[in-house]
Every structure is written in C-alpha cells, then in structure tokens.
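This is model-v4.csv (CSV, C-alpha atoms).
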```
chain,number,residue,atom,x,y,z
V,1,MET,CA,114.9,102.5,86.8
V,2,ASN,CA,111.8,104.7,86.9
V,3,ALA,CA,113.1,108.2,87.0
V,4,THR,CA,110.5,109.2,89.6
V,5,ILE,CA,111.9,106.7,92.1
V,6,PRO,CA,114.8,108.2,94.2
V,7,PRO,CA,117.9,106.1,94.0
V,8,ARG,CA,118.7,104.3,97.3
V,9,HIS,CA,122.3,102.9,97.2
V,10,ALA,CA,123.5,100.0,99.3
V,11,PRO,CA,124.7,100.9,102.8
V,12,ARG,CA,128.0,99.2,102.2
V,13,ARG,CA,130.2,97.7,99.5
V,14,PRO,CA,131.1,94.0,99.6
V,15,ALA,CA,134.6,92.8,100.3
V,16,GLY,CA,136.7,91.9,97.2
V,17,GLN,CA,138.7,93.2,94.3
V,18,ASP,CA,137.2,95.3,91.5
V,19,LYS,CA,136.1,93.4,88.4
V,20,SER,CA,138.8,92.4,86.0
V,21,GLY,CA,138.7,92.6,82.2
V,22,TRP,CA,137.7,89.0,81.7
V,23,LEU,CA,134.6,89.5,84.0
V,24,ALA,CA,133.5,92.4,81.9
V,25,VAL,CA,133.8,90.3,78.7
V,26,LEU,CA,131.9,87.5,80.4
V,27,GLU,CA,129.1,89.8,81.4
V,28,GLN,CA,128.8,91.3,77.9
V,29,GLY,CA,128.7,87.8,76.4
V,30,ALA,CA,126.0,86.7,78.8
V,31,ASN,CA,123.9,89.8,78.0
V,32,VAL,CA,124.0,88.9,74.3
V,33,LEU,CA,123.9,85.1,74.4
V,34,GLN,CA,122.0,84.2,77.5
V,35,SER,CA,118.5,85.0,78.7
V,36,SER,CA,117.7,86.3,82.2
V,37,GLY,CA,115.3,83.4,82.8
V,38,PRO,CA,112.8,84.1,85.5
V,39,LEU,CA,114.2,87.4,86.6
V,40,PRO,CA,112.1,89.8,84.3
V,41,GLY,CA,109.0,88.6,86.2
V,42,PHE,CA,110.2,90.1,89.4
V,43,ASP,CA,108.9,93.6,88.6
V,44,VAL,CA,106.7,94.6,91.5
V,45,TYR,CA,108.8,96.8,93.7
V,46,VAL,CA,108.0,97.6,97.3
V,47,VAL,CA,110.1,98.9,100.2
V,48,GLY,CA,109.5,98.2,103.8
V,49,LEU,CA,111.3,97.8,107.1
V,50,HIS,CA,112.3,94.4,108.7
V,51,CYS,CA,113.4,93.2,112.1
V,52,ALA,CA,114.9,89.9,113.2
V,53,LYS,CA,112.4,87.7,115.0
V,54,ASN,CA,115.0,86.6,117.6
V,55,ASP,CA,116.7,90.0,117.8
V,56,PRO,CA,114.2,92.8,117.2
V,57,ALA,CA,116.8,95.5,117.6
V,58,MET,CA,118.3,94.2,114.3
V,59,GLN,CA,116.4,96.4,111.9
V,60,MET,CA,117.0,97.5,108.3
V,61,GLU,CA,115.4,98.6,105.0
V,62,ALA,CA,114.2,95.9,102.7
V,63,HIS,CA,113.7,96.5,99.0
V,64,HIS,CA,111.5,93.8,97.5
V,65,TYR,CA,111.3,92.9,93.9
V,66,CYS,CA,108.4,90.5,93.6
V,67,ARG,CA,106.7,88.2,91.1
V,68,VAL,CA,103.0,87.7,91.4
V,69,VAL,CA,102.6,84.0,90.8
V,70,ASN,CA,98.8,84.0,91.3
V,71,GLU,CA,96.1,85.7,93.5
V,72,ASP,CA,97.3,84.0,96.6
V,73,PHE,CA,101.1,83.7,96.2
V,74,LEU,CA,104.0,86.1,95.5
V,75,GLN,CA,107.7,85.5,95.7
V,76,CYS,CA,110.3,88.2,96.2
V,77,VAL,CA,114.0,88.8,96.2
V,78,ILE,CA,115.2,91.3,98.7
V,79,PHE,CA,118.0,93.9,98.3
V,80,ASP,CA,119.5,96.6,100.5
V,81,GLY,CA,118.8,99.3,97.9
V,82,ASN,CA,117.3,99.9,94.5
V,83,THR,CA,120.3,100.7,92.3
V,84,ALA,CA,122.8,98.6,90.4
V,85,ASP,CA,125.1,98.4,93.4
V,86,ALA,CA,122.4,96.9,95.7
V,87,ASN,CA,123.3,93.7,97.6
V,88,LEU,CA,121.1,90.7,97.6
V,89,ILE,CA,120.2,90.1,101.2
V,90,GLY,CA,117.3,87.7,101.4
V,91,ILE,CA,114.0,86.3,100.1
V,92,GLU,CA,110.4,86.5,101.0
V,93,TYR,CA,107.4,84.4,100.1
V,94,ILE,CA,104.0,86.0,100.5
V,95,VAL,CA,100.7,84.1,100.9
V,96,SER,CA,97.1,85.1,101.3
V,97,GLY,CA,95.3,84.6,104.5
V,98,GLY,CA,93.4,81.7,102.9
V,99,LEU,CA,96.7,79.9,102.1
V,100,PHE,CA,98.1,80.7,105.5
V,101,GLU,CA,95.2,78.9,107.1
V,102,THR,CA,96.2,75.7,105.4
V,103,LEU,CA,99.6,75.7,107.3
V,104,ASP,CA,100.1,73.6,110.4
V,105,GLU,CA,100.9,75.2,113.7
V,106,ALA,CA,104.6,74.5,113.5
V,107,GLU,CA,105.0,76.0,110.0
V,108,SER,CA,102.7,79.0,110.7
V,109,GLY,CA,105.3,80.3,113.3
V,110,TYR,CA,107.6,81.2,110.5
V,111,TRP,CA,105.1,83.6,108.9
V,112,HIS,CA,104.7,87.2,109.9
V,113,PRO,CA,101.5,89.3,109.5
V,114,HIS,CA,101.3,92.2,107.1
V,115,ASN,CA,98.3,94.3,108.1
V,116,TYR,CA,100.3,96.8,110.2
V,117,GLU,CA,102.8,97.4,107.3
V,118,VAL,CA,99.8,98.2,105.0
V,119,LEU,CA,97.6,100.2,107.3
V,120,SER,CA,100.4,102.2,108.9
V,121,GLY,CA,101.7,103.4,105.5
V,122,GLN,CA,105.1,101.8,106.3
V,123,LEU,CA,105.1,99.6,103.2
V,124,ALA,CA,105.4,101.6,100.0
V,125,ALA,CA,105.5,100.9,96.3
V,126,PRO,CA,107.7,103.8,94.9
V,127,GLY,CA,106.9,105.0,91.4
V,128,LEU,CA,103.3,103.7,91.3
V,129,PRO,CA,100.4,106.2,91.1
V,130,ALA,CA,98.5,106.4,94.4
V,131,VAL,CA,95.5,104.5,93.0
V,132,ALA,CA,97.7,101.6,91.8
V,133,GLU,CA,99.7,101.5,95.0
V,134,LYS,CA,96.5,101.3,97.0
V,135,ALA,CA,95.2,98.5,94.9
V,136,LEU,CA,98.4,96.6,95.6
V,137,MET,CA,98.1,97.2,99.3
V,138,LYS,CA,94.5,96.1,99.3
V,139,GLN,CA,95.7,92.8,97.7
V,140,LEU,CA,98.2,92.4,100.6
V,141,MET,CA,95.7,92.9,103.3
V,142,ASN,CA,95.5,89.9,105.6
V,143,SER,CA,98.5,88.3,103.9
V,144,TYR,CA,101.6,86.8,105.6
V,145,GLY,CA,105.3,86.7,104.7
V,146,LYS,CA,108.0,84.1,105.3
V,147,THR,CA,111.3,86.0,105.1
V,148,TRP,CA,114.9,84.9,105.5
V,149,HIS,CA,117.8,87.3,105.4
V,150,THR,CA,121.2,85.9,104.5
V,151,TRP,CA,123.2,89.1,104.9
V,152,HIS,CA,123.0,92.0,107.2
V,153,THR,CA,124.8,94.8,105.3
V,154,GLY,CA,123.8,97.5,107.9
V,155,ARG,CA,121.5,100.5,108.0
V,156,HIS,CA,121.3,103.6,105.8
V,157,ASP,CA,121.2,105.7,108.9
V,158,GLY,CA,124.7,104.7,109.9
V,159,GLU,CA,124.9,101.3,111.6
V,160,PRO,CA,127.6,99.3,109.9
V,161,GLY,CA,127.0,95.8,108.6
V,162,ASP,CA,129.0,92.8,107.4
V,163,ALA,CA,131.3,93.0,104.4
V,164,LEU,CA,130.3,89.4,103.5
V,165,PRO,CA,127.3,87.2,104.3
V,166,ARG,CA,128.0,85.6,107.7
V,167,GLY,CA,126.4,82.7,109.7
V,168,GLU,CA,123.0,81.2,109.3
V,169,ALA,CA,120.0,82.8,107.6
V,170,THR,CA,117.9,85.0,109.9
V,171,LEU,CA,114.2,84.7,110.2
V,172,MET,CA,112.7,88.1,109.9
V,173,TRP,CA,109.5,89.6,111.4
V,174,SER,CA,107.1,92.5,110.8
V,175,PHE,CA,106.5,95.5,113.0
V,176,ASN,CA,103.0,95.5,114.3
V,177,ARG,CA,102.6,98.7,116.4
V,178,ASP,CA,103.7,102.3,116.1
V,179,GLY,CA,107.0,102.9,117.9
V,180,GLU,CA,108.5,99.4,117.2
V,181,ALA,CA,110.6,100.5,114.2
V,182,ASP,CA,113.5,102.7,115.1
V,183,GLU,CA,112.4,106.3,114.3
V,184,SER,CA,115.8,107.2,112.9
V,185,LEU,CA,115.6,104.3,110.4
V,186,SER,CA,112.1,105.3,109.4
V,187,LEU,CA,112.8,109.0,109.0
V,188,ASN,CA,116.0,108.4,107.1
V,189,ARG,CA,114.2,106.2,104.5
V,190,ASP,CA,111.3,108.5,104.1
V,191,GLU,CA,113.4,111.6,103.7
V,192,ALA,CA,115.8,110.0,101.2
V,193,MET,CA,113.1,108.4,99.1
V,194,ARG,CA,110.6,111.2,99.5
V,195,LEU,CA,107.9,109.0,101.0
V,196,ASP,CA,104.9,110.3,102.9
V,197,THR,CA,104.2,107.6,105.4
V,198,ALA,CA,101.5,109.6,107.3
V,199,GLY,CA,99.8,110.5,104.0
V,200,LYS,CA,99.8,106.8,102.9
V,201,ARG,CA,98.2,105.9,106.2
V,202,ASP,CA,95.4,108.4,105.7
V,203,HIS,CA,94.9,107.3,102.1
V,204,ARG,CA,94.6,103.6,103.2
V,205,HIS,CA,92.3,104.2,106.2
V,206,ASP,CA,89.3,102.7,104.4
V,207,LEU,CA,91.1,99.4,104.2
V,208,VAL,CA,90.7,99.0,107.9
V,209,GLY,CA,87.3,97.5,107.3
V,210,LEU,CA,88.9,94.6,105.4
V,211,ALA,CA,91.3,93.7,108.2
V,212,ARG,CA,90.9,90.4,110.1
V,213,PRO,CA,92.8,89.5,113.2
V,214,GLN,CA,96.2,87.9,112.3
V,215,HIS,CA,98.5,85.4,113.9
V,216,GLY,CA,101.8,86.8,115.0
V,217,VAL,CA,100.8,90.4,115.8
V,218,ASP,CA,101.7,90.0,119.5
V,219,THR,CA,104.8,87.8,118.9
V,220,LEU,CA,107.2,90.6,119.6
V,221,ARG,CA,104.9,92.7,121.8
V,222,ASP,CA,107.1,92.4,124.9
V,223,ALA,CA,110.3,93.2,123.0
V,224,PHE,CA,109.4,96.9,122.7
V,225,ARG,CA,108.4,99.6,125.1
V,226,GLY,CA,106.1,102.6,124.6
V,227,THR,CA,104.4,101.3,121.5
V,228,THR,CA,100.9,102.2,120.3
V,229,PRO,CA,98.4,99.8,118.6
V,230,VAL,CA,97.0,100.7,115.2
V,231,GLU,CA,93.3,100.4,114.3
V,232,GLY,CA,92.7,97.2,112.4
V,233,VAL,CA,95.8,95.4,113.5
V,234,LEU,CA,94.7,92.7,116.0
V,235,ASN,CA,96.1,89.5,117.1
V,236,ALA,CA,94.2,86.4,116.2
```
Here is the file; what I need is its structure written in the form of structure tokens.
Amino acid sequence: MNATIPPRHAPRRPAGQDKSGWLAVLEQGANVLQSSGPLPGFDVYVVGLHCAKNDPAMQMEAHHYCRVVNEDFLQCVIFDGNTADANLIGIEYIVSGGLFETLDEAESGYWHPHNYEVLSGQLAAPGLPAVAEKALMKQLMNSYGKTWHTWHTGRHDGEPGDALPRGEATLMWSFNRDGEADESLSLNRDEAMRLDTAGKRDHRHDLVGLARPQHGVDTLRDAFRGTTPVEGVLNA
C-alpha cells in the first residue's frame, strides 16, 4: 500500500480458527498458478461514511476500491479498512447523472446522491495529490451510488459489530447535510487517517457551480435534527 496512506485496520476480527498449514500452501499455489482476474482493476481508493437508508443511526466508515469502467460507470468493492485484515462488507455501483436519468422511478429510489459527499470534503481519496483528488471529485459531481452492505463489522470509534455477516443485505444512503454523520465517527476517521475535511471543502468550493439538484437529498431529512444545508446540495 502507498506509504503515505495511514493504515486503517478492520474494527473487528471475524469468527473462526486461524489458518491451518494447508490453507497457507493453497494460497501460495494460487499466487503462483492463478491470476487475480478482474481484481487489479479495482485501484481507485476512496473513503467515505455511510448510513443505512432504513436505519440512519447505523453508520460506519466505507473504504471503496473502484474500477472505472467508463466515463459514466464505476463499480466498487467496499471494506471496513485499508489493510490486509480488512473485511469485505459491501459493494457500490456509481453512475453519472445522465445514466441516472435513464432509470425508472422505482429503480431510482435505490440510488443515493453524491454532491454532499464531494462538496463537504467528507469523501476523500487518500494518497492522491490534491490536484488529482479534485479531478476525481469533479468527475463524481452529480453522480449517484447504489450501495448494499452485507456485513456490519462495527465502527472504529468503538461501537461493536457482528462477528459474521448476518441477515439480509442493507441498502445504504449518503449524508446530505452537515450534522447528519455522527461527529465522533467523522473525527475518529479524520484523526486516524490524517484527513483535513474542512480543507478539502475549501479546496473544492469552486465545484459548487457544477452542482445540479439531485434526487434523494431530502430522503432522510426528517431522520436527523439540528442539521445544516450545504451550498450546492439541493433536492431535485
């Protein structure tokens, strides 16, 4: 991993016994004799915060490793950290605003807006130079994500999670106002990963002019209290 990216370990270890000798042999054989198929293409790394659409108090860090398929479509695998011990907790598909407009009303309800995550500085691409990170964020303006989490492993600021994936997949949502994400969760991430969210917000302020009203901005508005809207983040 890029040495400039602070390591973020998984908040919990899965249930189960340590690897036995035959598993180590299997892994070494796979490294030599098998390819990793599509996995090397998932090399765009961004970290953000997610909440469950039907339970907004369920919040966590989300470390995305994404493959840019084309100008309008990305697909990401999501982990609870960025080290070798990270647990796979979900997936996200990202589409441009143009592709989102091709979806019917029933389908569009699964897709959350991204403008707040970009303009607030909450979404970060650790390890990228500021210019490259901003170019990526510009590409994500007006985009939407469809995210399912299959495992809630807990929070890095102390809330315990499950030792194994349990129940049905959970549809996740984005934060769309200041004060929606738990402050402890945000500060814990920023401190551990040396992220300057306020600085990123200032650096991206000129992207406000690109923002269009998005569907889903007000979906969870009544689930939070004492929140503040952000310039450029408007409900369609």
- Task: Tell me which of V:Thr197, V:Thr102, V:Gln75, V:Gln214 sits closest to Tyr144 in chain V, counting all atoms listed in the file.
- Result: V:Gln214
- Message: as a PyMOL selection string, please: the residues near range 137-141 of chain V (cut-off 8 Å, all atoms listed in the file, same-chain neighbours under 5 positions excluded).
- Response: chain V and resi 96+114-115+118+207+210-211
- Query: Nearest to Met172 in chain V: which of V:Pro14, V:Pro38, V:Pro56, V:Gly81 is it, counting all atoms listed in the file?
  - Reply: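 Of V:Pro14, V:Pro38, V:Pro56, V:Gly81, the one nearest Met172 in chain V, counting all atoms listed in the file, is V:Pro56.
Pairwise distance (CA of Ala52 in chain V, CA of Ser184 in chain V) equals 17.3 Å.
When CA of Arg13 in chain V is paired with CA of Gly154 in chain V, their separation reads 10.6 Å.
Of the residues under consideration (V:Leu119, V:Val44, V:Ile89, V:Ile5), V:Val44 shows the shortest atom-to-atom contact distance to Val69 in chain V when counting all atoms listed in the file.
The closest residue to Asn54 in chain V, picked from V:Glu105, V:Leu171, V:Val208, V:His112 and counting only C-alpha atoms, is V:Leu171.
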- Residue nearest Ala84 in chain V among V:Pro7, V:Glu61, V:Ala192, V:Tyr116 (counting only C-alpha atoms): V:Pro7
- Please indicate the distance in Å from CA of Ala15 in chain V to CA of Tyr65 in chain V, rounded to one decimal place. 24.2 Å
